[in-house]
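Undergrad: What follows is entry04.cif, mmCIF, C-alpha atoms.
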```
data_my_file
loop_
_atom_site.label_atom_id
_atom_site.label_comp_id
_atom_site.auth_asym_id
_atom_site.auth_seq_id
_atom_site.Cartn_x
_atom_site.Cartn_y
_atom_site.Cartn_z
CA MET A 17 -5.51 -15.80 -109.28
CA GLY A 18 -3.86 -16.42 -105.94
CA ARG A 19 -5.11 -14.76 -102.80
CA THR A 20 -3.47 -12.46 -100.31
CA PHE A 21 -3.00 -12.62 -96.55
CA GLU A 22 -6.15 -12.72 -94.46
CA PRO A 23 -6.42 -11.96 -90.74
CA GLY A 24 -7.24 -14.98 -88.62
CA ASP A 25 -6.08 -16.87 -85.56
CA TRP A 26 -2.49 -17.00 -86.77
CA LEU A 27 -1.89 -13.94 -88.95
CA ARG A 28 -2.01 -10.19 -88.33
CA ILE A 29 -1.91 -7.86 -91.34
CA LEU A 30 0.61 -5.07 -90.79
CA ARG A 31 0.71 -3.56 -94.28
CA SER A 32 -1.86 -3.99 -97.06
CA GLU A 33 -1.59 -3.50 -100.82
CA ALA A 34 -4.31 -3.51 -103.47
CA THR A 35 -2.06 -5.11 -106.09
CA PRO A 36 0.74 -6.94 -104.24
CA ARG A 37 3.88 -8.13 -105.98
CA HIS A 38 5.27 -9.75 -102.83
CA HIS A 39 3.92 -11.19 -99.59
CA LEU A 40 6.27 -11.01 -96.60
CA LEU A 41 5.32 -13.13 -93.57
CA CYS A 42 7.25 -12.29 -90.40
CA PHE A 43 7.91 -14.62 -87.47
CA PRO A 44 8.48 -12.99 -84.05
CA PRO A 45 11.37 -13.79 -81.72
CA GLY A 46 10.83 -15.72 -78.51
CA GLY A 47 8.27 -14.04 -76.26
CA GLY A 48 7.40 -11.57 -79.00
CA PRO A 49 4.01 -10.66 -80.48
CA ALA A 50 3.09 -9.98 -84.10
CA THR A 51 3.22 -6.24 -83.41
CA ALA A 52 7.00 -6.53 -82.92
CA TYR A 53 7.17 -6.01 -86.70
CA ARG A 54 4.79 -3.05 -86.94
CA ASP A 55 7.56 -0.48 -87.42
CA LEU A 56 9.41 -2.61 -89.96
CA ALA A 57 6.22 -3.17 -91.97
CA GLN A 58 5.68 0.55 -92.44
CA ARG A 59 9.15 1.00 -93.96
CA PHE A 60 8.32 -0.91 -97.14
CA GLY A 61 7.27 0.68 -100.40
CA ALA A 62 4.46 -0.11 -102.80
CA GLY A 63 3.74 -3.67 -103.81
CA ILE A 64 4.74 -5.45 -100.59
CA VAL A 65 2.10 -6.85 -98.24
CA VAL A 66 3.40 -7.58 -94.74
CA ALA A 67 1.82 -9.89 -92.18
CA ALA A 68 3.14 -11.34 -88.94
CA VAL A 69 2.44 -14.56 -87.12
CA GLN A 70 0.69 -14.31 -83.76
CA TYR A 71 1.77 -17.24 -81.60
CA PRO A 72 -0.72 -18.42 -78.93
CA GLY A 73 -0.40 -17.04 -75.42
CA ARG A 74 0.17 -13.33 -76.12
CA GLN A 75 -1.81 -10.15 -76.84
CA ASP A 76 -5.19 -11.09 -78.33
CA ARG A 77 -4.34 -14.81 -77.94
CA LEU A 78 -3.43 -14.42 -74.28
CA GLY A 79 -6.11 -16.85 -73.16
CA GLU A 80 -4.70 -19.68 -75.28
CA THR A 81 -2.10 -22.13 -74.05
CA PRO A 82 1.36 -21.38 -75.51
CA ILE A 83 2.89 -24.04 -77.74
CA THR A 84 6.14 -25.47 -76.39
CA ASP A 85 7.19 -27.50 -79.44
CA LEU A 86 8.73 -25.69 -82.39
CA ASP A 87 7.75 -28.34 -84.94
CA THR A 88 4.12 -28.09 -83.83
CA LEU A 89 4.25 -24.32 -84.34
CA ALA A 90 5.59 -24.79 -87.87
CA ASP A 91 2.91 -27.40 -88.62
CA ARG A 92 0.09 -25.06 -87.62
CA ILE A 93 1.47 -22.03 -89.44
CA ALA A 94 2.14 -23.99 -92.63
CA GLU A 95 -1.46 -25.25 -92.59
CA GLU A 96 -2.72 -21.68 -92.41
CA VAL A 97 -0.49 -20.45 -95.25
CA LEU A 98 -1.49 -23.38 -97.45
CA ARG A 99 -5.15 -22.66 -96.75
CA LEU A 100 -4.70 -19.11 -98.03
CA GLY A 101 -3.13 -20.16 -101.34
CA ILE A 102 -0.91 -17.09 -101.65
CA GLY A 103 -0.43 -16.08 -105.27
CA ALA A 104 2.24 -13.36 -105.56
CA GLY A 105 5.76 -14.16 -104.40
CA LEU A 106 5.84 -15.41 -100.83
CA ALA A 107 8.82 -14.64 -98.60
CA LEU A 108 9.32 -15.48 -94.93
CA PHE A 109 11.31 -13.46 -92.41
CA GLY A 110 12.14 -14.65 -88.90
CA HIS A 111 14.26 -13.20 -86.14
CA SER A 112 15.88 -15.30 -83.40
CA MET A 113 13.47 -18.14 -82.56
CA GLY A 114 11.33 -16.90 -85.43
CA ALA A 115 14.11 -17.72 -87.90
CA THR A 116 14.00 -21.40 -86.99
CA VAL A 117 10.19 -21.48 -87.03
CA ALA A 118 10.22 -19.79 -90.45
CA PHE A 119 12.75 -22.31 -91.77
CA GLU A 120 10.68 -25.27 -90.57
CA THR A 121 7.56 -23.66 -92.05
CA VAL A 122 9.25 -23.33 -95.46
CA ARG A 123 10.22 -27.01 -95.32
CA ARG A 124 6.57 -27.94 -94.85
CA LEU A 125 5.33 -25.56 -97.53
CA GLU A 126 7.80 -26.86 -100.11
CA ARG A 127 6.83 -30.46 -99.38
CA LYS A 128 3.22 -29.50 -100.11
CA GLY A 129 4.07 -27.77 -103.38
CA GLN A 130 3.85 -24.17 -102.17
CA PRO A 131 6.81 -22.25 -103.61
CA VAL A 132 8.66 -19.88 -101.30
CA PRO A 133 11.22 -17.94 -103.33
CA MET A 134 12.94 -16.27 -100.36
CA LEU A 135 13.68 -17.01 -96.70
CA PHE A 136 15.21 -14.32 -94.47
CA VAL A 137 16.78 -15.56 -91.23
CA SER A 138 17.99 -13.10 -88.63
CA GLY A 139 19.88 -13.37 -85.36
CA ARG A 140 19.91 -17.15 -85.24
CA PRO A 141 22.45 -19.94 -85.93
CA ALA A 142 21.66 -22.56 -88.57
CA PRO A 143 19.18 -25.33 -87.65
CA THR A 144 21.82 -27.90 -86.69
CA PHE A 145 22.88 -25.69 -83.77
CA VAL A 146 21.86 -27.26 -80.45
CA GLU A 147 20.97 -24.98 -77.55
CA THR A 148 22.73 -25.95 -74.34
CA GLN A 149 20.91 -23.44 -72.15
CA ARG A 150 17.89 -24.53 -70.13
CA VAL A 151 16.44 -21.13 -69.36
CA HIS A 152 12.92 -22.50 -69.62
CA LEU A 153 13.58 -24.64 -66.53
CA GLY A 154 14.75 -21.68 -64.46
CA THR A 155 12.94 -19.23 -62.24
CA ASP A 156 11.04 -16.18 -63.40
CA ASP A 157 14.07 -14.12 -62.36
CA ASP A 158 16.21 -16.26 -64.65
CA LEU A 159 13.87 -15.56 -67.56
CA ILE A 160 13.85 -11.83 -66.88
CA ALA A 161 17.64 -11.78 -66.61
CA GLU A 162 17.90 -13.46 -70.02
CA LEU A 163 15.56 -10.88 -71.55
CA GLU A 164 17.68 -8.10 -70.03
CA ARG A 165 20.84 -9.68 -71.45
CA LEU A 166 19.51 -9.55 -74.99
CA ALA A 167 17.54 -6.30 -74.90
CA ALA A 168 18.87 -3.20 -76.62
CA ASP A 169 17.43 -1.24 -73.71
CA PRO A 170 16.93 -3.33 -70.55
CA ALA A 171 14.96 -0.57 -68.80
CA PRO A 172 11.52 -1.70 -70.10
CA ILE A 173 12.24 -5.25 -68.92
CA GLN A 174 12.52 -3.86 -65.39
CA MET A 175 8.72 -3.49 -65.47
CA LEU A 176 8.49 -7.26 -65.19
CA ARG A 177 10.31 -7.06 -61.86
CA ASP A 178 8.37 -4.03 -60.65
CA GLU A 179 4.92 -5.30 -61.62
CA PRO A 180 4.41 -8.98 -60.73
CA SER A 181 0.93 -8.98 -62.27
CA LEU A 182 2.45 -8.03 -65.64
CA ALA A 183 5.07 -10.75 -65.30
CA GLU A 184 2.31 -13.30 -64.67
CA LEU A 185 0.79 -12.39 -68.03
CA VAL A 186 3.98 -12.17 -70.08
CA LEU A 187 6.36 -14.82 -68.78
CA PRO A 188 4.35 -18.00 -69.58
CA ALA A 189 4.70 -17.29 -73.31
CA VAL A 190 8.37 -16.41 -72.88
CA ARG A 191 9.02 -19.66 -71.02
CA ALA A 192 7.12 -21.68 -73.65
CA ASP A 193 9.14 -20.13 -76.46
CA TYR A 194 12.42 -20.81 -74.70
CA GLN A 195 11.32 -24.41 -74.22
CA ALA A 196 10.50 -24.68 -77.93
CA VAL A 197 13.94 -23.37 -78.89
CA GLU A 198 15.93 -25.27 -76.29
CA THR A 199 14.31 -28.62 -77.07
CA TYR A 200 14.32 -28.23 -80.88
CA ARG A 201 16.40 -30.74 -82.81
CA TYR A 202 16.88 -30.53 -86.56
CA THR A 203 15.62 -33.53 -88.52
CA PRO A 204 17.94 -34.08 -91.51
CA GLY A 205 16.35 -33.62 -94.91
CA ASP A 206 16.76 -32.07 -98.34
CA PRO A 207 17.94 -28.46 -98.49
CA LEU A 208 15.39 -25.82 -99.39
CA ALA A 209 14.76 -24.60 -102.91
CA ALA A 210 14.16 -21.15 -101.42
CA ASP A 211 17.01 -18.67 -101.55
CA ILE A 212 18.27 -17.76 -98.08
CA ALA A 213 19.46 -14.38 -96.84
CA ALA A 214 20.96 -14.37 -93.36
CA PHE A 215 21.11 -11.22 -91.22
CA VAL A 216 23.46 -10.93 -88.27
CA SER A 217 24.64 -8.06 -86.09
CA THR A 218 28.09 -7.15 -84.88
CA GLU A 219 27.43 -7.48 -81.13
CA ASP A 220 24.87 -10.29 -80.95
CA PRO A 221 25.81 -12.67 -78.12
CA THR A 222 23.68 -15.46 -79.59
CA VAL A 223 25.18 -15.86 -83.07
CA THR A 224 28.41 -15.01 -84.90
CA PRO A 225 28.82 -14.14 -88.59
CA ASP A 226 30.51 -17.51 -89.15
CA GLN A 227 27.50 -19.27 -87.61
CA ALA A 228 25.17 -17.22 -89.80
CA ASP A 229 27.15 -18.35 -92.86
CA GLU A 230 26.27 -21.96 -92.03
CA TRP A 231 22.75 -21.29 -93.32
CA ARG A 232 24.35 -21.60 -96.76
CA ASP A 233 24.19 -25.39 -96.41
CA PHE A 234 20.40 -25.37 -96.15
CA THR A 235 19.54 -24.17 -99.65
CA THR A 236 20.17 -25.25 -103.23
CA GLY A 237 19.46 -21.65 -104.22
CA THR A 238 21.45 -18.52 -103.61
CA PHE A 239 22.79 -17.45 -100.21
CA ASP A 240 23.73 -14.04 -98.93
CA ARG A 241 24.74 -12.68 -95.53
CA THR A 242 24.29 -9.08 -94.39
CA THR A 243 25.86 -7.74 -91.20
CA PHE A 244 24.28 -4.84 -89.32
CA PRO A 245 25.71 -2.81 -86.44
CA GLY A 246 24.13 -3.47 -83.06
CA GLY A 247 23.13 -6.17 -80.62
CA HIS A 248 20.65 -9.02 -80.77
CA PHE A 249 17.69 -6.69 -81.34
CA TYR A 250 19.45 -4.48 -83.91
CA LEU A 251 16.22 -4.71 -85.92
CA ASP A 252 14.40 -2.40 -83.49
CA GLU A 253 17.02 0.29 -84.06
CA ARG A 254 17.46 -0.10 -87.84
CA PRO A 255 14.09 -0.98 -89.37
CA ALA A 256 14.57 1.23 -92.42
CA GLU A 257 17.92 -0.36 -93.27
CA VAL A 258 16.53 -3.86 -92.80
CA ALA A 259 13.51 -3.06 -94.99
CA GLU A 260 15.81 -1.72 -97.68
CA VAL A 261 17.89 -4.90 -97.78
CA ILE A 262 14.77 -7.10 -97.83
CA THR A 263 13.30 -5.01 -100.66
CA GLU A 264 16.50 -5.37 -102.69
CA HIS A 265 16.39 -9.15 -102.32
CA LEU A 266 12.73 -9.31 -103.29
CA ALA A 267 13.41 -7.19 -106.38
CA ARG A 268 16.22 -9.52 -107.40
CA ASP A 269 13.97 -12.51 -106.95
CA ARG A 270 11.33 -10.94 -109.18
CA SER A 271 13.91 -10.14 -111.86
CA ARG A 272 14.96 -13.82 -111.94
CA ALA A 273 11.36 -15.06 -112.22
#
```
Could you render the structure as structure tokens?

TA:
Amino acid sequence: MGRTFEPGDWLRILRSEATPRHHLLCFPPGGGPATAYRDLAQRFGAGIVVAAVQYPGRQDRLGETPITDLDTLADRIAEEVLRLGIGAGLALFGHSMGATVAFETVRRLERKGQPVPMLFVSGRPAPTFVETQRVHLGTDDDLIAELERLAADPAPIQMLRDEPSLAELVLPAVRADYQAVETYRYTPGDPLAADIAAFVSTEDPTVTPDQADEWRDFTTGTFDRTTFPGGHFYLDERPAEVAEVITEHLARDRSRA
């Protein structure tokens, strides 16, 4: 019998189940901690275990050096998932930077024989998209301005300007994540066997619905795109709706098994 998620350096358990039918592993956006998915995790019903990746350099990993290379992140996370030997259906969900990390993690898992029936990618263009911004080379003010641009409510970001000691703790991980995204280059390879569901929002300045549709080229399985109202962080405002769509996809996957 396969095992379930276990807490460790890389994973934080957000929702447990005694008899899981599905395991959903969530990948935070740039600068984000595992707890960014706490609200979403609680919106799922019975049978779904939810965990989130904790990247180095934030929260309880604050003392660790952030990783600035996206492929290295995917390597480390894939190693951890393979070590666990997940039994029930494994699905990955990533938002923004997390979508690309999740995609690269699935590539590594499939190469090692670990099936991943479903990949959810949110708020991010397909992997062949090349970032032209160089926010990671800018000042702290530049980083904060970028966070304000994307935030649903920029008021909390103001704390980083008002409290320099807080900025000193938070911004190194943000800068590292922007470097990982802005220096990432897709290495051509076979499309995934995993089905892909792309989520995009109506007012996201970082990705259009047409760009989200380009994820279709990265799977030999099924592809679906769902559009939600809102900006880049629509997920924070609509966790119940997002959980419902994810649950529907997981149920479909189980019915095809």

Undergrad: Identify all residues satisfying the PyMOL selection byres ((chain A and resi 85) around 8) in the given file; provide them as a VMD selection string.

TA: chain A and resid 83 to 84 86 to 89 195 to 197 199 to 200

Undergrad: Store the residues of this selection in a file with C-alpha atoms, as a short mmCIF file (atom, residue, chain, number, x, y, z; two decimals), keeping the file's coordinate frame.

TA:
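Once everything was written out, this is again18.cif:
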```cif
data_model
loop_
_atom_site.label_atom_id
_atom_site.label_comp_id
_atom_site.auth_asym_id
_atom_site.auth_seq_id
_atom_site.Cartn_x
_atom_site.Cartn_y
_atom_site.Cartn_z
CA ILE A 83 2.89 -24.04 -77.74
CA THR A 84 6.14 -25.47 -76.39
CA LEU A 86 8.73 -25.69 -82.39
CA ASP A 87 7.75 -28.34 -84.94
CA THR A 88 4.12 -28.09 -83.83
CA LEU A 89 4.25 -24.32 -84.34
CA GLN A 195 11.32 -24.41 -74.22
CA ALA A 196 10.50 -24.68 -77.93
CA VAL A 197 13.94 -23.37 -78.89
CA THR A 199 14.31 -28.62 -77.07
CA TYR A 200 14.32 -28.23 -80.88
#
```

Undergrad: Can you tell me, as a CSV table (one decimal) with C-alpha atoms, in the frame of the given file, what residues are no more than 12 Å from Arg127 (chain A) when counting only C-alpha atoms, ignoring any on the same chain fewer than 5 positions away?

TA:
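Result file is part-v2.csv:
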```csv
chain,number,residue,atom,x,y,z
A,91,ASP,CA,2.9,-27.4,-88.6
A,94,ALA,CA,2.1,-24.0,-92.6
A,95,GLU,CA,-1.5,-25.2,-92.6
A,98,LEU,CA,-1.5,-23.4,-97.4
A,120,GLU,CA,10.7,-25.3,-90.6
A,121,THR,CA,7.6,-23.7,-92.0
A,122,VAL,CA,9.2,-23.3,-95.5
A,132,VAL,CA,8.7,-19.9,-101.3
A,205,GLY,CA,16.4,-33.6,-94.9
A,206,ASP,CA,16.8,-32.1,-98.3
A,207,PRO,CA,17.9,-28.5,-98.5
A,208,LEU,CA,15.4,-25.8,-99.4
A,209,ALA,CA,14.8,-24.6,-102.9
```

Undergrad: Expand the PyMOL selection byres ((chain A and resi 32) around 12) into the individual residues it matches in the shown file, reporting them as number ranges by chain.

TA: A: 20-23, 28-31, 33-40, 57-58, 60-67

Undergrad: What is the CA of Asp158 (chain A)-CA of Glu198 (chain A) distance in Å, reported with one decimal?

TA: 14.7 Å

Undergrad: Might you pull out every residue within 9 Å of region 174-188 of chain A, with all atoms listed in the file counted and same-chain residues fewer than 5 positions away left off, and present them as a tab-separated table (two decimals) with C-alpha atoms, keeping the file's coordinate frame?

TA:
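Resulting contents of part-v1.tsv:
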```tsv
chain	number	residue	atom	x	y	z
A	47	GLY	CA	8.27	-14.04	-76.26
A	73	GLY	CA	-0.40	-17.04	-75.42
A	74	ARG	CA	0.17	-13.33	-76.12
A	78	LEU	CA	-3.43	-14.42	-74.28
A	81	THR	CA	-2.10	-22.13	-74.05
A	82	PRO	CA	1.36	-21.38	-75.51
A	156	ASP	CA	11.04	-16.18	-63.40
A	157	ASP	CA	14.07	-14.12	-62.36
A	159	LEU	CA	13.87	-15.56	-67.56
A	160	ILE	CA	13.85	-11.83	-66.88
A	164	GLU	CA	17.68	-8.10	-70.03
A	193	ASP	CA	9.14	-20.13	-76.46
```

Undergrad: Which value, in Å to one decimal, gives the distance between CA of Ser217 (chain A) and CA of Arg201 (chain A)?

TA: 24.4 Å

Undergrad: Write a file for region 124-168 of chain A, containing N, CA and C atoms (output as a PDB file, in the first residue's frame).

TA:
```pdb
ATOM      1  N   ARG A 124      10.004  15.446 -13.662  1.00  0.00           N
ATOM      2  CA  ARG A 124      10.978  14.597 -12.974  1.00  0.00           C
ATOM      3  C   ARG A 124      10.317  13.350 -12.394  1.00  0.00           C
ATOM      4  N   LEU A 125       9.117  13.507 -11.864  1.00  0.00           N
ATOM      5  CA  LEU A 125       8.417  12.356 -11.295  1.00  0.00           C
ATOM      6  C   LEU A 125       8.070  11.339 -12.378  1.00  0.00           C
ATOM      7  N   GLU A 126       7.591  11.811 -13.520  1.00  0.00           N
ATOM      8  CA  GLU A 126       7.233  10.889 -14.587  1.00  0.00           C
ATOM      9  C   GLU A 126       8.458  10.149 -15.120  1.00  0.00           C
ATOM     10  N   ARG A 127       9.573  10.837 -15.205  1.00  0.00           N
ATOM     11  CA  ARG A 127      10.798  10.164 -15.663  1.00  0.00           C
ATOM     12  C   ARG A 127      11.207   9.046 -14.726  1.00  0.00           C
ATOM     13  N   LYS A 128      10.875   9.195 -13.445  1.00  0.00           N
ATOM     14  CA  LYS A 128      11.239   8.193 -12.438  1.00  0.00           C
ATOM     15  C   LYS A 128      10.139   7.159 -12.215  1.00  0.00           C
ATOM     16  N   GLY A 129       9.086   7.209 -13.013  1.00  0.00           N
ATOM     17  CA  GLY A 129       8.040   6.202 -12.921  1.00  0.00           C
ATOM     18  C   GLY A 129       6.937   6.498 -11.931  1.00  0.00           C
ATOM     19  N   GLN A 130       6.917   7.700 -11.362  1.00  0.00           N
ATOM     20  CA  GLN A 130       5.851   8.080 -10.434  1.00  0.00           C
ATOM     21  C   GLN A 130       4.704   8.714 -11.221  1.00  0.00           C
ATOM     22  N   PRO A 131       3.548   8.052 -11.294  1.00  0.00           N
ATOM     23  CA  PRO A 131       2.439   8.635 -12.048  1.00  0.00           C
ATOM     24  C   PRO A 131       1.853   9.856 -11.342  1.00  0.00           C
ATOM     25  N   VAL A 132       1.524  10.845 -12.132  1.00  0.00           N
ATOM     26  CA  VAL A 132       0.844  12.045 -11.629  1.00  0.00           C
ATOM     27  C   VAL A 132      -0.359  12.265 -12.547  1.00  0.00           C
ATOM     28  N   PRO A 133      -1.533  11.837 -12.139  1.00  0.00           N
ATOM     29  CA  PRO A 133      -2.682  11.931 -13.048  1.00  0.00           C
ATOM     30  C   PRO A 133      -3.065  13.350 -13.436  1.00  0.00           C
ATOM     31  N   MET A 134      -2.816  14.354 -12.539  1.00  0.00           N
ATOM     32  CA  MET A 134      -3.375  15.676 -12.775  1.00  0.00           C
ATOM     33  C   MET A 134      -2.417  16.775 -12.341  1.00  0.00           C
ATOM     34  N   LEU A 135      -2.223  17.770 -13.224  1.00  0.00           N
ATOM     35  CA  LEU A 135      -1.451  18.959 -12.903  1.00  0.00           C
ATOM     36  C   LEU A 135      -2.342  20.178 -13.084  1.00  0.00           C
ATOM     37  N   PHE A 136      -2.449  20.996 -12.029  1.00  0.00           N
ATOM     38  CA  PHE A 136      -3.194  22.246 -12.077  1.00  0.00           C
ATOM     39  C   PHE A 136      -2.197  23.401 -12.115  1.00  0.00           C
ATOM     40  N   VAL A 137      -2.320  24.260 -13.121  1.00  0.00           N
ATOM     41  CA  VAL A 137      -1.421  25.402 -13.251  1.00  0.00           C
ATOM     42  C   VAL A 137      -2.262  26.672 -13.245  1.00  0.00           C
ATOM     43  N   SER A 138      -1.869  27.628 -12.423  1.00  0.00           N
ATOM     44  CA  SER A 138      -2.690  28.810 -12.208  1.00  0.00           C
ATOM     45  C   SER A 138      -1.856  30.080 -12.340  1.00  0.00           C
ATOM     46  N   GLY A 139      -2.411  31.068 -13.041  1.00  0.00           N
ATOM     47  CA  GLY A 139      -1.794  32.386 -13.081  1.00  0.00           C
ATOM     48  C   GLY A 139      -0.400  32.427 -13.653  1.00  0.00           C
ATOM     49  N   ARG A 140      -0.144  31.595 -14.668  1.00  0.00           N
ATOM     50  CA  ARG A 140       1.218  31.519 -15.208  1.00  0.00           C
ATOM     51  C   ARG A 140       1.174  31.098 -16.681  1.00  0.00           C
ATOM     52  N   PRO A 141       1.934  31.779 -17.561  1.00  0.00           N
ATOM     53  CA  PRO A 141       2.025  31.321 -18.947  1.00  0.00           C
ATOM     54  C   PRO A 141       2.718  29.958 -19.033  1.00  0.00           C
ATOM     55  N   ALA A 142       2.602  29.334 -20.181  1.00  0.00           N
ATOM     56  CA  ALA A 142       3.225  28.030 -20.421  1.00  0.00           C
ATOM     57  C   ALA A 142       4.750  28.128 -20.307  1.00  0.00           C
ATOM     58  N   PRO A 143       5.428  27.009 -20.106  1.00  0.00           N
ATOM     59  CA  PRO A 143       6.866  27.012 -19.798  1.00  0.00           C
ATOM     60  C   PRO A 143       7.772  27.665 -20.834  1.00  0.00           C
ATOM     61  N   THR A 144       7.353  27.728 -22.088  1.00  0.00           N
ATOM     62  CA  THR A 144       8.200  28.339 -23.102  1.00  0.00           C
ATOM     63  C   THR A 144       8.226  29.865 -23.017  1.00  0.00           C
ATOM     64  N   PHE A 145       7.354  30.433 -22.198  1.00  0.00           N
ATOM     65  CA  PHE A 145       7.348  31.881 -22.005  1.00  0.00           C
ATOM     66  C   PHE A 145       8.649  32.320 -21.330  1.00  0.00           C
ATOM     67  N   VAL A 146       9.253  33.371 -21.841  1.00  0.00           N
ATOM     68  CA  VAL A 146      10.506  33.887 -21.293  1.00  0.00           C
ATOM     69  C   VAL A 146      10.247  35.235 -20.630  1.00  0.00           C
ATOM     70  N   GLU A 147      10.552  35.317 -19.346  1.00  0.00           N
ATOM     71  CA  GLU A 147      10.402  36.574 -18.612  1.00  0.00           C
ATOM     72  C   GLU A 147      11.428  37.594 -19.110  1.00  0.00           C
ATOM     73  N   THR A 148      10.962  38.795 -19.384  1.00  0.00           N
ATOM     74  CA  THR A 148      11.874  39.863 -19.796  1.00  0.00           C
ATOM     75  C   THR A 148      12.181  40.826 -18.655  1.00  0.00           C
ATOM     76  N   GLN A 149      11.383  40.739 -17.583  1.00  0.00           N
ATOM     77  CA  GLN A 149      11.657  41.590 -16.426  1.00  0.00           C
ATOM     78  C   GLN A 149      12.927  41.123 -15.714  1.00  0.00           C
ATOM     79  N   ARG A 150      13.551  42.039 -15.010  1.00  0.00           N
ATOM     80  CA  ARG A 150      14.700  41.715 -14.167  1.00  0.00           C
ATOM     81  C   ARG A 150      14.497  42.356 -12.793  1.00  0.00           C
ATOM     82  N   VAL A 151      13.344  42.051 -12.220  1.00  0.00           N
ATOM     83  CA  VAL A 151      12.992  42.615 -10.920  1.00  0.00           C
ATOM     84  C   VAL A 151      13.996  42.193  -9.855  1.00  0.00           C
ATOM     85  N   HIS A 152      14.525  40.985 -10.006  1.00  0.00           N
ATOM     86  CA  HIS A 152      15.438  40.484  -8.970  1.00  0.00           C
ATOM     87  C   HIS A 152      16.742  41.285  -8.910  1.00  0.00           C
ATOM     88  N   LEU A 153      17.035  42.055  -9.948  1.00  0.00           N
ATOM     89  CA  LEU A 153      18.241  42.881  -9.958  1.00  0.00           C
ATOM     90  C   LEU A 153      17.979  44.296  -9.449  1.00  0.00           C
ATOM     91  N   GLY A 154      16.716  44.595  -9.154  1.00  0.00           N
ATOM     92  CA  GLY A 154      16.354  45.937  -8.733  1.00  0.00           C
ATOM     93  C   GLY A 154      16.546  46.165  -7.246  1.00  0.00           C
ATOM     94  N   THR A 155      16.111  47.319  -6.804  1.00  0.00           N
ATOM     95  CA  THR A 155      16.202  47.687  -5.391  1.00  0.00           C
ATOM     96  C   THR A 155      15.082  47.028  -4.599  1.00  0.00           C
ATOM     97  N   ASP A 156      15.172  47.133  -3.285  1.00  0.00           N
ATOM     98  CA  ASP A 156      14.078  46.643  -2.447  1.00  0.00           C
ATOM     99  C   ASP A 156      12.778  47.369  -2.778  1.00  0.00           C
ATOM    100  N   ASP A 157      12.859  48.657  -3.060  1.00  0.00           N
ATOM    101  CA  ASP A 157      11.656  49.403  -3.445  1.00  0.00           C
ATOM    102  C   ASP A 157      11.041  48.847  -4.720  1.00  0.00           C
ATOM    103  N   ASP A 158      11.898  48.431  -5.655  1.00  0.00           N
ATOM    104  CA  ASP A 158      11.391  47.821  -6.888  1.00  0.00           C
ATOM    105  C   ASP A 158      10.633  46.536  -6.590  1.00  0.00           C
ATOM    106  N   LEU A 159      11.181  45.718  -5.699  1.00  0.00           N
ATOM    107  CA  LEU A 159      10.516  44.473  -5.328  1.00  0.00           C
ATOM    108  C   LEU A 159       9.165  44.740  -4.673  1.00  0.00           C
ATOM    109  N   ILE A 160       9.144  45.689  -3.753  1.00  0.00           N
ATOM    110  CA  ILE A 160       7.902  46.009  -3.057  1.00  0.00           C
ATOM    111  C   ILE A 160       6.863  46.547  -4.041  1.00  0.00           C
ATOM    112  N   ALA A 161       7.304  47.384  -4.968  1.00  0.00           N
ATOM    113  CA  ALA A 161       6.382  47.924  -5.972  1.00  0.00           C
ATOM    114  C   ALA A 161       5.775  46.813  -6.824  1.00  0.00           C
ATOM    115  N   GLU A 162       6.564  45.800  -7.153  1.00  0.00           N
ATOM    116  CA  GLU A 162       6.047  44.672  -7.926  1.00  0.00           C
ATOM    117  C   GLU A 162       5.027  43.881  -7.115  1.00  0.00           C
ATOM    118  N   LEU A 163       5.288  43.687  -5.845  1.00  0.00           N
ATOM    119  CA  LEU A 163       4.319  42.994  -4.987  1.00  0.00           C
ATOM    120  C   LEU A 163       3.022  43.787  -4.892  1.00  0.00           C
ATOM    121  N   GLU A 164       3.127  45.102  -4.802  1.00  0.00           N
ATOM    122  CA  GLU A 164       1.930  45.951  -4.750  1.00  0.00           C
ATOM    123  C   GLU A 164       1.147  45.873  -6.055  1.00  0.00           C
ATOM    124  N   ARG A 165       1.856  45.792  -7.167  1.00  0.00           N
ATOM    125  CA  ARG A 165       1.197  45.715  -8.474  1.00  0.00           C
ATOM    126  C   ARG A 165       0.319  44.479  -8.604  1.00  0.00           C
ATOM    127  N   LEU A 166       0.759  43.393  -8.015  1.00  0.00           N
ATOM    128  CA  LEU A 166       0.052  42.122  -8.182  1.00  0.00           C
ATOM    129  C   LEU A 166      -0.955  41.841  -7.070  1.00  0.00           C
ATOM    130  N   ALA A 167      -0.806  42.490  -5.934  1.00  0.00           N
ATOM    131  CA  ALA A 167      -1.625  42.172  -4.773  1.00  0.00           C
ATOM    132  C   ALA A 167      -3.081  42.565  -4.988  1.00  0.00           C
ATOM    133  N   ALA A 168      -3.987  41.724  -4.479  1.00  0.00           N
ATOM    134  CA  ALA A 168      -5.405  42.074  -4.497  1.00  0.00           C
ATOM    135  C   ALA A 168      -5.657  43.280  -3.600  1.00  0.00           C
TER     136      ALA A 168
END
```
